[in-house]
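S.K.: Provided below: start-v8.cif, containing mmCIF, C-alpha atoms.
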```
data_structure
loop_
_atom_site.label_atom_id
_atom_site.label_comp_id
_atom_site.auth_asym_id
_atom_site.auth_seq_id
_atom_site.Cartn_x
_atom_site.Cartn_y
_atom_site.Cartn_z
CA MET A 1 9.95 39.88 11.06
CA LYS A 2 8.52 37.69 8.31
CA GLU A 3 5.52 35.59 9.13
CA ARG A 4 5.99 31.83 8.84
CA GLN A 5 3.99 29.92 6.26
CA ASN A 6 1.44 27.46 7.58
CA PRO A 7 2.25 23.78 6.97
CA LYS A 8 0.64 22.09 3.98
CA ALA A 9 0.55 18.33 3.37
CA ARG A 10 1.64 17.05 -0.03
CA MET A 11 -1.35 15.88 -2.02
CA ASP A 12 0.51 13.73 -4.55
CA CYS A 13 1.16 10.78 -2.20
CA LEU A 14 -0.83 7.56 -1.99
CA THR A 15 -2.34 6.85 1.41
CA ARG A 16 -3.88 3.86 3.15
CA GLN A 17 -5.36 3.80 6.63
CA PHE A 18 -4.36 1.03 9.05
CA GLY A 19 -6.45 1.63 12.17
CA ASP A 20 -5.31 5.02 13.46
CA GLU A 21 -2.03 4.77 11.58
CA LEU A 22 -1.49 5.98 8.05
CA LEU A 23 0.73 4.46 5.38
CA VAL A 24 1.89 7.09 2.93
CA TYR A 25 3.69 6.21 -0.29
CA ASP A 26 5.72 8.94 -1.96
CA GLN A 27 5.75 8.00 -5.65
CA GLU A 28 8.22 10.74 -6.49
CA ARG A 29 10.92 9.44 -4.15
CA ASN A 30 9.76 5.81 -3.92
CA VAL A 31 9.64 5.95 -0.15
CA GLY A 32 6.94 4.55 2.14
CA HIS A 33 6.14 6.14 5.50
CA CYS A 34 4.16 4.88 8.46
CA LEU A 35 2.66 7.74 10.45
CA ASN A 36 1.62 6.88 13.99
CA PRO A 37 -1.80 8.20 15.10
CA THR A 38 -0.46 11.56 16.30
CA ALA A 39 1.63 12.19 13.19
CA ALA A 40 -1.22 10.98 10.95
CA ALA A 41 -3.76 13.29 12.57
CA ALA A 42 -1.38 16.25 12.34
CA TRP A 43 -0.56 15.55 8.67
CA LYS A 44 -4.23 15.37 7.72
CA LEU A 45 -4.82 18.78 9.27
CA CYS A 46 -1.99 20.47 7.36
CA ASP A 47 -4.05 22.41 4.84
CA GLY A 48 -1.79 25.45 4.53
CA LYS A 49 -4.33 27.60 6.38
CA THR A 50 -4.07 26.30 9.92
CA ASP A 51 -1.16 27.43 12.08
CA PRO A 52 0.57 25.19 14.66
CA SER A 53 -1.30 26.60 17.65
CA GLU A 54 -4.64 26.03 15.93
CA LEU A 55 -3.47 22.53 15.01
CA ALA A 56 -2.75 21.88 18.69
CA THR A 57 -6.28 22.96 19.62
CA ILE A 58 -7.89 20.75 16.95
CA LEU A 59 -5.72 17.76 17.87
CA ALA A 60 -6.58 18.19 21.55
CA ARG A 61 -10.25 18.06 20.59
CA GLN A 62 -9.71 14.96 18.40
CA PHE A 63 -7.73 13.04 21.00
CA SER A 64 -9.74 14.38 23.95
CA ALA A 65 -6.43 15.10 25.64
CA PRO A 66 -4.22 18.15 26.10
CA VAL A 67 -1.89 18.72 23.13
CA ASP A 68 0.69 21.47 23.42
CA GLU A 69 2.33 23.34 20.58
CA PRO A 70 5.77 21.66 21.01
CA VAL A 71 4.08 18.33 20.18
CA VAL A 72 2.65 19.80 17.00
CA LEU A 73 6.01 21.32 16.12
CA LEU A 74 7.67 17.95 16.63
CA ALA A 75 5.07 16.34 14.35
CA LEU A 76 5.70 19.00 11.70
CA ASP A 77 9.42 18.48 12.06
CA GLU A 78 9.05 14.72 11.54
CA LEU A 79 6.74 15.24 8.56
CA SER A 80 9.06 17.83 7.08
CA LYS A 81 12.09 15.52 7.41
CA ALA A 82 10.08 12.80 5.66
CA LYS A 83 9.33 15.37 2.92
CA LEU A 84 5.60 14.95 3.37
CA LEU A 85 4.96 18.69 3.58
CA VAL A 86 4.98 21.12 0.71
CA GLU A 87 8.38 22.79 0.88
CA THR A 88 8.24 26.47 1.65
CA GLU A 89 10.84 29.22 1.64
CA ARG A 90 10.13 29.78 5.30
CA PRO A 91 10.49 26.32 6.83
CA VAL A 92 8.52 24.89 9.71
CA ARG A 93 9.64 26.06 13.15
CA ARG A 94 11.61 23.28 14.81
CA THR A 95 11.45 21.78 18.25
CA SER A 96 13.36 19.04 19.98
CA ARG A 97 11.93 15.71 21.05
CA ARG A 98 13.03 16.56 24.59
CA GLU A 99 11.03 19.78 24.53
CA ALA A 100 7.98 17.90 23.27
CA ILE A 101 8.30 15.24 25.98
CA ARG A 102 8.55 17.97 28.58
CA ALA A 103 5.36 19.49 27.20
CA ILE A 104 3.49 16.19 27.27
CA GLY A 105 4.75 15.20 30.70
CA ILE A 106 6.14 11.85 31.76
CA VAL A 107 2.81 10.10 31.41
CA GLY A 108 1.55 11.65 28.20
CA ALA A 109 -2.04 11.26 27.16
CA ILE A 110 -1.04 11.05 23.51
CA ALA A 111 1.88 9.33 21.83
CA LEU A 112 4.74 11.40 20.49
CA PRO A 113 4.46 11.81 16.73
CA ILE A 114 6.60 9.27 14.87
CA VAL A 115 7.17 8.83 11.16
CA THR A 116 8.93 5.60 10.13
CA SER A 117 10.27 5.56 6.58
CA LEU A 118 11.41 2.81 4.25
CA VAL A 119 12.77 3.07 0.72
CA ALA A 120 10.76 0.92 -1.69
CA PRO A 121 12.97 -1.76 -3.18
CA THR A 122 13.63 -2.25 -6.87
CA PRO A 123 12.31 -5.62 -8.12
CA ALA A 124 15.84 -7.04 -8.22
CA ARG A 125 16.54 -5.99 -4.64
CA ALA A 126 13.18 -7.23 -3.39
CA ALA A 127 13.61 -10.74 -4.79
CA SER A 128 16.23 -13.31 -3.84
CA CYS A 129 19.64 -12.20 -5.00
CA LEU A 130 23.29 -12.31 -4.05
CA ALA A 131 24.99 -9.43 -2.24
CA ASN A 132 28.12 -7.72 -3.58
CA GLY A 133 31.24 -9.85 -3.28
CA LYS A 134 29.36 -13.14 -3.43
CA PRO A 135 30.27 -15.63 -6.15
CA CYS A 136 27.98 -15.54 -9.16
CA LEU A 137 27.56 -16.94 -12.62
CA SER A 138 25.41 -14.27 -14.19
CA GLY A 139 24.17 -10.77 -13.41
CA VAL A 140 20.65 -12.08 -12.89
CA GLN A 141 21.79 -13.66 -9.63
CA CYS A 142 23.19 -10.41 -8.19
CA CYS A 143 21.24 -7.73 -6.33
CA SER A 144 23.29 -5.18 -8.27
CA GLY A 145 22.53 -6.97 -11.54
CA LYS A 146 26.28 -7.16 -12.26
CA CYS A 147 28.39 -10.28 -12.09
CA GLY A 148 32.01 -9.20 -12.50
CA THR A 149 34.68 -10.89 -14.58
CA GLY A 150 36.10 -12.57 -11.48
CA GLY A 151 32.76 -14.33 -10.95
CA HIS A 152 31.68 -12.16 -8.03
CA CYS A 153 28.74 -9.78 -7.74
CA ASN A 154 29.83 -6.16 -7.82
CA ALA A 155 28.23 -2.72 -7.70
CA MET B 1 16.15 -8.00 -31.52
CA GLN B 2 15.93 -8.34 -35.30
CA LYS B 3 19.38 -9.98 -35.35
CA LEU B 4 18.18 -12.48 -32.77
CA ASP B 5 15.00 -13.13 -34.73
CA ARG B 6 17.08 -14.00 -37.78
CA LEU B 7 19.03 -16.73 -35.97
CA GLY B 8 16.40 -19.35 -36.70
CA TRP B 9 14.61 -21.07 -33.87
CA ALA B 10 13.85 -24.76 -33.63
CA GLU B 11 10.99 -24.64 -31.13
CA GLY B 12 9.31 -22.47 -28.53
CA ILE B 13 6.57 -22.23 -25.98
CA GLY B 14 4.11 -19.55 -24.89
CA VAL B 15 3.49 -19.35 -21.16
CA GLN B 16 0.84 -17.62 -19.06
CA SER B 17 1.46 -17.19 -15.36
CA PHE B 18 -0.50 -14.95 -12.93
CA GLY B 19 -1.75 -12.87 -15.86
CA VAL B 20 1.71 -12.42 -17.40
CA TYR B 21 2.50 -13.69 -20.90
CA ALA B 22 6.04 -14.80 -21.73
CA GLY B 23 7.67 -16.89 -24.42
CA VAL B 24 10.74 -19.11 -24.55
CA ARG B 25 12.39 -20.18 -27.80
CA VAL B 26 15.42 -22.41 -28.31
CA SER B 27 17.86 -22.87 -31.17
CA ALA B 28 17.94 -26.67 -30.98
CA ALA B 29 15.10 -29.14 -31.23
CA GLY B 30 14.23 -31.35 -28.25
CA MET B 31 15.23 -28.83 -25.58
CA LEU B 32 11.80 -27.84 -24.30
CA PRO B 33 11.34 -30.71 -21.80
CA GLN B 34 14.50 -29.52 -20.04
CA ILE B 35 13.11 -26.01 -19.77
CA LEU B 36 9.66 -26.82 -18.39
CA PRO B 37 10.78 -27.42 -14.75
CA PHE B 38 12.17 -23.87 -14.65
CA LEU B 39 8.89 -22.18 -15.61
CA PRO B 40 6.82 -20.51 -12.85
CA PRO B 41 4.69 -22.83 -10.71
CA GLY B 42 1.18 -23.26 -12.10
CA TRP B 43 2.08 -21.94 -15.56
CA LYS B 44 -0.29 -22.57 -18.44
CA ASN B 45 0.25 -22.87 -22.16
CA SER B 46 -0.60 -19.72 -24.06
CA ARG B 47 -1.30 -19.34 -27.75
CA ARG B 48 -1.09 -15.55 -27.74
CA ALA B 49 0.76 -14.16 -30.74
CA THR B 50 2.50 -11.50 -28.66
CA VAL B 51 4.21 -11.87 -25.32
CA GLN B 52 5.41 -9.34 -22.75
CA ARG B 53 8.87 -10.89 -22.47
CA LEU B 54 10.62 -13.24 -24.84
CA TYR B 55 13.50 -15.48 -23.81
CA SER B 56 15.85 -16.81 -26.48
CA LEU B 57 18.20 -19.67 -25.62
CA VAL B 58 21.06 -20.30 -27.99
CA VAL B 59 22.64 -23.71 -27.47
CA PRO B 60 25.97 -24.74 -29.02
CA ARG B 61 25.73 -26.75 -32.21
CA ALA B 62 26.79 -30.38 -32.10
CA ASN B 63 29.26 -29.81 -34.95
CA GLN B 64 30.76 -26.68 -33.40
CA THR B 65 34.47 -26.24 -34.13
CA ALA B 66 36.68 -28.10 -31.70
CA GLY B 67 38.61 -25.84 -29.34
CA LEU B 68 35.82 -23.28 -29.02
CA ARG B 69 34.04 -23.20 -25.70
CA ARG B 70 30.54 -24.57 -26.04
CA MET B 71 28.54 -21.70 -24.62
CA HIS B 72 24.84 -21.58 -23.90
CA ILE B 73 23.56 -18.04 -24.20
CA LEU B 74 20.27 -16.70 -22.85
CA TYR B 75 18.62 -13.46 -23.91
CA ALA B 76 15.65 -11.74 -22.30
CA ASP B 77 14.18 -9.75 -25.17
CA SER B 78 17.38 -8.35 -26.71
CA GLU B 79 19.49 -8.30 -23.55
CA ARG B 80 21.95 -11.10 -22.87
CA ILE B 81 21.37 -12.24 -19.29
CA ALA B 82 23.44 -15.45 -19.04
CA ARG B 83 26.29 -17.17 -20.83
CA ASP B 84 27.81 -20.39 -19.58
CA THR B 85 29.12 -23.74 -20.68
CA ASP B 86 26.81 -25.38 -18.14
CA LEU B 87 23.22 -25.46 -19.39
CA ASN B 88 21.84 -25.83 -15.86
CA GLN B 89 23.37 -22.52 -14.80
CA VAL B 90 21.76 -20.81 -17.77
CA LEU B 91 18.41 -22.42 -17.02
CA ALA B 92 18.74 -21.27 -13.40
CA ALA B 93 19.21 -17.73 -14.73
CA LEU B 94 16.08 -18.19 -16.87
CA GLU B 95 14.14 -19.30 -13.81
CA THR B 96 15.32 -16.35 -11.69
CA ASP B 97 14.58 -13.77 -14.35
CA LEU B 98 11.24 -15.20 -15.47
CA HIS B 99 9.91 -15.64 -11.93
CA ARG B 100 11.01 -12.12 -11.04
CA TYR B 101 9.40 -10.74 -14.18
CA VAL B 102 6.10 -12.48 -13.42
CA ALA B 103 6.28 -11.12 -9.86
CA GLU B 104 6.89 -7.61 -11.13
CA ALA B 105 4.43 -7.54 -14.01
CA SER B 106 1.46 -9.51 -12.69
CA PRO B 107 -1.69 -7.39 -12.99
CA ASP B 108 -3.73 -9.72 -10.78
CA MET B 109 -1.51 -10.36 -7.79
CA THR B 110 0.98 -8.69 -5.49
CA PHE B 111 4.18 -10.62 -4.90
CA LEU B 112 5.97 -10.22 -1.59
CA HIS B 113 9.44 -11.63 -1.09
CA ALA B 114 8.68 -14.06 1.71
CA GLY B 115 8.62 -17.66 2.72
CA VAL B 116 5.05 -18.88 3.33
CA VAL B 117 3.59 -21.81 5.21
CA GLY B 118 0.01 -22.66 6.16
CA TRP B 119 -0.92 -23.43 9.75
CA GLN B 120 -4.42 -24.05 11.11
CA GLY B 121 -6.13 -22.41 8.16
CA ARG B 122 -3.96 -19.30 8.13
CA ALA B 123 -0.80 -18.24 6.37
CA ILE B 124 2.45 -17.42 8.13
CA LEU B 125 4.65 -15.05 6.17
CA LEU B 126 8.39 -14.85 6.69
CA PRO B 127 9.51 -11.82 4.70
CA GLY B 128 13.19 -11.11 4.36
CA ARG B 129 16.02 -10.35 2.06
CA SER B 130 18.36 -12.97 0.64
CA LEU B 131 20.46 -14.84 3.17
CA SER B 132 18.21 -13.83 6.09
CA GLY B 133 17.42 -17.50 6.76
CA LYS B 134 13.88 -17.65 5.31
CA THR B 135 14.20 -21.04 3.69
CA THR B 136 15.80 -22.60 6.78
CA LEU B 137 12.86 -21.41 8.85
CA VAL B 138 10.33 -22.60 6.27
CA ARG B 139 11.98 -26.03 6.28
CA GLU B 140 11.79 -26.16 10.08
CA LEU B 141 8.12 -25.13 10.10
CA LEU B 142 7.39 -27.88 7.59
CA ARG B 143 9.10 -30.34 9.87
CA LEU B 144 6.68 -29.31 12.63
CA GLY B 145 3.68 -30.01 10.41
CA ALA B 146 3.04 -26.73 8.60
CA THR B 147 1.89 -26.84 4.99
CA TYR B 148 4.20 -25.66 2.23
CA TYR B 149 3.18 -22.60 0.20
CA SER B 150 6.46 -21.00 -0.92
CA ASP B 151 10.04 -20.29 -0.02
CA GLU B 152 10.27 -17.26 -2.29
CA PHE B 153 7.03 -15.33 -2.85
CA ALA B 154 3.80 -14.71 -0.98
CA VAL B 155 1.26 -14.15 -3.74
CA VAL B 156 -1.59 -11.91 -2.58
CA ASP B 157 -4.89 -11.54 -4.43
CA ASN B 158 -7.41 -8.69 -4.44
CA PHE B 159 -9.18 -10.13 -1.39
CA GLY B 160 -5.97 -10.22 0.64
CA LYS B 161 -5.68 -14.02 0.48
CA VAL B 162 -2.29 -15.71 0.12
CA HIS B 163 -1.82 -18.13 -2.79
CA PRO B 164 0.90 -20.77 -3.14
CA PHE B 165 3.97 -20.22 -5.30
CA MET B 166 5.16 -23.72 -4.94
CA ARG B 167 8.58 -24.35 -6.31
CA PRO B 168 11.27 -26.60 -4.85
CA LEU B 169 12.98 -25.13 -1.80
CA GLY B 170 16.31 -23.55 -2.71
CA ILE B 171 18.61 -24.41 0.16
CA ARG B 172 22.01 -22.69 0.06
CA GLU B 173 25.24 -24.44 0.88
CA ASP B 174 27.13 -21.95 3.01
CA SER B 175 30.51 -22.18 1.32
CA THR B 176 29.35 -21.57 -2.24
CA TYR B 177 26.03 -19.65 -1.97
CA VAL B 178 24.76 -22.06 -4.59
CA GLN B 179 21.24 -23.30 -3.96
CA THR B 180 20.37 -26.97 -3.96
CA LYS B 181 16.76 -27.74 -4.81
CA TYR B 182 14.62 -29.97 -2.60
CA THR B 183 11.02 -30.74 -3.41
CA PRO B 184 8.70 -30.25 -0.41
CA GLU B 185 7.65 -33.88 -0.77
CA ALA B 186 11.27 -34.95 -0.33
CA LEU B 187 11.27 -33.05 2.96
CA GLY B 188 8.09 -34.87 4.01
CA ALA B 189 5.93 -31.73 3.79
CA SER B 190 2.30 -31.51 2.78
CA LEU B 191 1.39 -29.07 0.04
CA GLY B 192 -0.94 -26.10 0.43
CA GLY B 193 -3.58 -25.51 -2.19
CA LYS B 194 -6.33 -23.11 -1.31
CA PRO B 195 -5.70 -19.39 -0.72
CA LEU B 196 -5.38 -18.56 2.97
CA PRO B 197 -6.06 -15.47 5.05
CA LEU B 198 -3.01 -14.09 6.79
CA GLY B 199 -2.36 -15.22 10.35
CA ALA B 200 1.07 -13.90 11.23
CA VAL B 201 4.04 -12.09 9.76
CA VAL B 202 7.41 -12.83 11.31
CA ILE B 203 10.26 -10.54 10.31
CA CYS B 204 13.47 -11.89 11.73
CA ASN B 205 17.12 -12.31 10.96
CA TYR B 206 19.26 -15.21 12.04
CA LYS B 207 22.04 -14.39 14.49
CA THR B 208 24.39 -17.15 15.59
CA GLY B 209 23.91 -17.97 19.25
CA ALA B 210 21.16 -15.37 19.70
CA ARG B 211 18.18 -15.98 21.96
CA GLY B 212 15.01 -15.34 20.04
CA LYS B 213 13.62 -11.92 20.79
CA LEU B 214 10.58 -10.84 18.84
CA ARG B 215 8.65 -7.67 19.56
CA PRO B 216 5.14 -6.96 18.30
CA LEU B 217 4.60 -4.49 15.48
CA SER B 218 1.50 -2.44 14.79
CA HIS B 219 -0.46 -3.07 11.59
CA GLY B 220 0.87 0.14 10.06
CA GLN B 221 4.47 -0.79 10.86
CA GLY B 222 3.85 -4.30 9.61
CA ALA B 223 2.32 -3.03 6.39
CA LEU B 224 5.38 -0.83 5.87
CA GLU B 225 7.62 -3.89 6.29
CA LEU B 226 5.54 -5.79 3.72
CA MET B 227 5.79 -2.86 1.34
CA GLY B 228 9.57 -3.06 1.78
CA ASN B 229 9.44 -6.64 0.51
CA SER B 230 7.05 -6.02 -2.34
CA ILE B 231 8.42 -6.70 -5.80
CA ALA B 232 6.25 -4.25 -7.73
CA VAL B 233 5.59 -1.41 -5.31
CA ARG B 234 7.55 1.01 -7.50
CA THR B 235 5.71 0.09 -10.67
CA GLN B 236 2.27 -0.69 -9.23
CA PRO B 237 2.03 1.22 -5.93
CA GLN B 238 -1.75 1.63 -5.90
CA PRO B 239 -2.77 -2.06 -6.20
CA THR B 240 0.15 -3.10 -3.99
CA LEU B 241 -0.99 -0.91 -1.09
CA ARG B 242 -4.63 -1.86 -1.62
CA ARG B 243 -3.83 -5.59 -1.42
CA ILE B 244 -1.53 -5.15 1.57
CA GLN B 245 -4.33 -3.30 3.37
CA LYS B 246 -6.69 -6.23 2.78
CA LEU B 247 -3.99 -8.75 3.66
CA VAL B 248 -3.08 -7.50 7.13
CA LYS B 249 -6.54 -7.53 8.67
CA GLY B 250 -6.54 -9.70 11.79
CA ALA B 251 -2.87 -10.66 11.48
CA VAL B 252 -0.16 -10.63 14.13
CA PHE B 253 3.17 -8.94 13.32
CA VAL B 254 6.44 -9.57 15.13
CA LYS B 255 9.99 -8.50 14.37
CA GLY B 256 13.39 -9.26 15.82
CA THR B 257 16.31 -11.64 15.80
CA ARG B 258 16.19 -15.38 16.07
CA GLY B 259 18.60 -18.06 17.12
CA GLU B 260 18.36 -21.61 15.86
CA ALA B 261 15.50 -22.31 13.47
CA SER B 262 14.07 -25.19 15.51
CA GLU B 263 13.40 -22.96 18.54
CA ALA B 264 12.14 -20.08 16.43
CA ALA B 265 9.77 -22.33 14.48
CA SER B 266 7.90 -23.61 17.54
CA SER B 267 7.54 -20.07 18.95
CA ILE B 268 6.15 -18.91 15.62
CA LEU B 269 3.52 -21.65 15.55
CA ASN B 270 2.54 -20.72 19.11
CA LEU B 271 1.73 -17.23 17.86
CA LEU B 272 -1.17 -18.66 15.91
CA CYS B 273 -2.25 -21.31 18.38
CA THR B 274 -3.84 -18.92 20.83
CA GLY B 275 -7.35 -17.83 19.95
CA ASN B 276 -7.39 -19.38 16.52
CA SER B 277 -10.16 -21.80 15.71
CA GLY B 278 -9.25 -22.12 12.05
CA GLU B 279 -9.24 -25.42 10.26
CA ASN B 280 -6.14 -27.46 9.60
CA VAL B 281 -4.40 -26.91 6.30
#
```
When written as structure tokens, how does the structure in this file appear?

M.R.:
Amino acid sequence: MKERQNPKARMDCLTRQFGDELLVYDQERNVGHCLNPTAAAAWKLCDGKTDPSELATILARQFSAPVDEPVVLLALDELSKAKLLVETERPVRRTSRREAIRAIGIVGAIALPIVTSLVAPTPARAASCLANGKPCLSGVQCCSGKCGTGGHCNA
Amino acid sequence: MQKLDRLGWAEGIGVQSFGVYAGVRVSAAGMLPQILPFLPPGWKNSRRATVQRLYSLVVPRANQTAGLRRMHILYADSERIARDTDLNQVLAALETDLHRYVAEASPDMTFLHAGVVGWQGRAILLPGRSLSGKTTLVRELLRLGATYYSDEFAVVDNFGKVHPFMRPLGIREDSTYVQTKYTPEALGASLGGKPLPLGAVVICNYKTGARGKLRPLSHGQGALELMGNSIAVRTQPQPTLRRIQKLVKGAVFVKGTRGEASEAASSILNLLCTGNSGENV
């Protein structure tokens, strides 16, 4: 059986710390991610050398609370879905949220890892504009940048 | 662009706004006074020989052949961005494009799409997409005594302070989606001047008949929401994130749905009333 590759965080993203949370901006995909403290701590430890069970041990030390491997696997799953890990031929082992909750217990000492993502808007979409189908006079008014011949914004 | 340059231009103006240089030229003399109200708030004259974006407004000639539609045509650099018989519609397009360009290209400031008012020495930001009810809420907050900063952009400097972007409030008439402009003075509002630290960010959408339900957001989640309303995050991610990080310190974030603006506005002001000893703005 082939050995799985250890998770490695992408190094080409911009990061900013907000308390224990981490804001990560993926310039390649123009997506921003907010990593909660558990996900942020796990992501920072993904150096490609540390395996999930070692990650669990280090995280337990950091949070001064028990951290089981399913929690780490859930964090890696979230980070992998957000494309914040270097893609490997042998992907990260997956776990379900339910399995992770079971591992933590009903009253968990640490929060479940969560990654919230948001696509960065284009300037036109970020500023005031009219949605498709709304009456318009010029493309400048439309979020799509196109004002159709019928005088309505279209895609 | 060369073709446009050859048209012959009667007059023009160089404009500097938030570190961005733009120019506007017109094909008929005496037009500039009509254009000035559509320039970005706080613009200054610039004598720079080169500009980052050049607007060219072609107006119909007085002796144009009868029967032809008298079109006003606006170009941004070489791209035609508006064409209409009504000059005001074309000038509205100039305003939209120029303001957006300044917001995108400013090297000094980060522009967030948000309504902004000042309250007790702090700024309240109301980020949101078009038609989310930002301006209605701003108007209601002004009615309750808040100070007007903007109904379109929160302008954030390197220290995380919020500057005014004070243009008339664009209030939409539901049936047409056309905005009618009201000066803040006409609405009885006082005008903000000095840059303010952030007090609260309220991310909410209007829902008819809804009871206001706002839940708190963490600073990280709030920062992500602000990033989602940032005009230049794609082109200037590094300074955008740096300024957002400075901006959010000590601020309260809430998100949810709101009902009528009058109820929402008083709840929003209450957010800042507790534990805030800031001065009045």

S.K.: Select, from B:Asp5, B:Glu263, B:Asp97, B:Glu11, the residue with the minimum atom-to-atom distance to chain A, counting all atoms listed in the file.

M.R.: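 Residue with the minimum atom-to-atom distance to chain A: B:Asp97.
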
S.K.: Against chain A, which residues of chain B fall within 9 Å? For each one I want the closest pair of atoms and the distance in Å (one decimal), counting all atoms listed in the file, rows by chain and increasing residue number, as a tab-separated table.

M.R.:
```
residue	atom	partner	partner_atom	distance
B:Ile81	CA	A:Val140	CA	6.4
B:Ala82	CA	A:Ser138	CA	5.4
B:Arg83	CA	A:Ser138	CA	7.3
B:Asp84	CA	A:Leu137	CA	7.8
B:Gln89	CA	A:Leu137	CA	7.3
B:Val90	CA	A:Ser138	CA	8.3
B:Ala93	CA	A:Val140	CA	6.1
B:Leu94	CA	A:Val140	CA	8.6
B:Thr96	CA	A:Val140	CA	6.9
B:Asp97	CA	A:Val140	CA	6.5
B:Arg100	CA	A:Ala127	CA	6.9
B:Tyr101	CA	A:Pro123	CA	8.5
B:Ala103	CA	A:Pro123	CA	8.3
B:Glu104	CA	A:Pro123	CA	6.5
B:Leu112	CA	A:Ala126	CA	8.0
B:His113	CA	A:Ala127	CA	5.6
B:Ala114	CA	A:Ala127	CA	8.8
B:Gly128	CA	A:Ala126	CA	8.7
B:Arg129	CA	A:Ser128	CA	6.6
B:Ser130	CA	A:Ser128	CA	5.0
B:Leu131	CA	A:Leu130	CA	8.2
B:Glu152	CA	A:Ser128	CA	7.3
B:Phe153	CA	A:Ala127	CA	8.3
B:Thr176	CA	A:Pro135	CA	7.2
B:Tyr177	CA	A:Pro135	CA	7.2
B:Val178	CA	A:Cys136	CA	8.6
B:Ser218	CA	A:Glu21	CA	8.6
B:His219	CA	A:Phe18	CA	6.2
B:Gly220	CA	A:Phe18	CA	5.4
B:Gln221	CA	A:Cys34	CA	6.2
B:Ala223	CA	A:Leu23	CA	7.7
B:Leu224	CA	A:Cys34	CA	6.4
B:Glu225	CA	A:Leu118	CA	8.0
B:Met227	CA	A:Ala120	CA	6.9
B:Gly228	CA	A:Ala120	CA	5.4
B:Asn229	CA	A:Ala126	CA	5.4
B:Ser230	CA	A:Ala126	CA	6.3
B:Ile231	CA	A:Pro123	CA	4.7
B:Ala232	CA	A:Pro123	CA	6.2
B:Val233	CA	A:Ala120	CA	6.7
B:Arg234	CA	A:Asn30	CA	6.4
B:Pro237	CA	A:Tyr25	CA	7.7
B:Gln238	CA	A:Leu14	CA	7.2
B:Leu241	CA	A:Arg16	CA	7.0
B:Arg242	CA	A:Arg16	CA	7.5
B:Gln245	CA	A:Phe18	CA	7.1
B:Val248	CA	A:Phe18	CA	8.8
B:Lys249	CA	A:Phe18	CA	8.8
```

S.K.: The PyMOL selection byres ((chain B and resi 207) around 7) - which residues does that actually catch in the file I just gave you? List them as a PyMOL selection string.

M.R.: chain B and resi 205-206+208-210+257-259

S.K.: Restrict the selected residues to C-alpha atoms and save them as a PDB file, in the frame of the given file.

M.R.:
```pdb
ATOM      1  CA  ASN B 205      17.120 -12.310  10.960  1.00  0.00           C
ATOM      2  CA  TYR B 206      19.260 -15.210  12.040  1.00  0.00           C
ATOM      3  CA  THR B 208      24.390 -17.150  15.590  1.00  0.00           C
ATOM      4  CA  GLY B 209      23.910 -17.970  19.250  1.00  0.00           C
ATOM      5  CA  ALA B 210      21.160 -15.370  19.700  1.00  0.00           C
ATOM      6  CA  THR B 257      16.310 -11.640  15.800  1.00  0.00           C
ATOM      7  CA  ARG B 258      16.190 -15.380  16.070  1.00  0.00           C
ATOM      8  CA  GLY B 259      18.600 -18.060  17.120  1.00  0.00           C
TER       9      GLY B 259
END
```

S.K.: Please determine, counting all atoms listed in the file, which residue among B:Leu36, B:Met71, B:Met31, B:Met109 has the shortest atom-to-atom distance to Thr85 of chain B.

M.R.: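 Smallest separation from Thr85 of chain B among the options: B:Met71.
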
S.K.: Please compute the atom CA of Leu214 of chain B-atom CA of Val254 of chain B distance, one decimal, in Å.

M.R.: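 Pair atom CA of Leu214 of chain B / atom CA of Val254 of chain B returns 5.7 Å.
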
S.K.: In Å, how far is it from atom CA of Tyr148 of chain B to atom CA of Met166 of chain B?

M.R.: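 Atom-to-atom, atom CA of Tyr148 of chain B to atom CA of Met166 of chain B, that is 7.5 Å.
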
S.K.: Please measure the separation of atom CA of Arg243 of chain B and atom CA of Lys161 of chain B, giving the value in Å to one decimal.

M.R.: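 We find that atom CA of Arg243 of chain B and atom CA of Lys161 of chain B lie 8.8 Å from each other.
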
S.K.: Evaluate the PyMOL selection byres ((chain A and resi 78-88) around 8) on the structure here and hand back the selected residues as a ChimeraX atom specification.

M.R.: /A:5,7-10,33,39,43,74-77,89-92,113-115,117

S.K.: Kindly export the residues of the current selection with C-alpha atoms, as a CSV table (one decimal), keeping the file's coordinate frame.

M.R.:
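In the end it all went to part-v2.csv:
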```csv
chain,number,residue,atom,x,y,z
A,5,GLN,CA,4.0,29.9,6.3
A,7,PRO,CA,2.2,23.8,7.0
A,8,LYS,CA,0.6,22.1,4.0
A,9,ALA,CA,0.6,18.3,3.4
A,10,ARG,CA,1.6,17.0,0.0
A,33,HIS,CA,6.1,6.1,5.5
A,39,ALA,CA,1.6,12.2,13.2
A,43,TRP,CA,-0.6,15.6,8.7
A,74,LEU,CA,7.7,18.0,16.6
A,75,ALA,CA,5.1,16.3,14.4
A,76,LEU,CA,5.7,19.0,11.7
A,77,ASP,CA,9.4,18.5,12.1
A,89,GLU,CA,10.8,29.2,1.6
A,90,ARG,CA,10.1,29.8,5.3
A,91,PRO,CA,10.5,26.3,6.8
A,92,VAL,CA,8.5,24.9,9.7
A,113,PRO,CA,4.5,11.8,16.7
A,114,ILE,CA,6.6,9.3,14.9
A,115,VAL,CA,7.2,8.8,11.2
A,117,SER,CA,10.3,5.6,6.6
```

S.K.: Using only C-alpha atoms, which of the listed residues (B:Asn270, B:Asn158, B:Thr110, B:Ser150) sits closest to Val252 of chain B?

M.R.: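 Smallest separation from Val252 of chain B among the options: B:Asn270.
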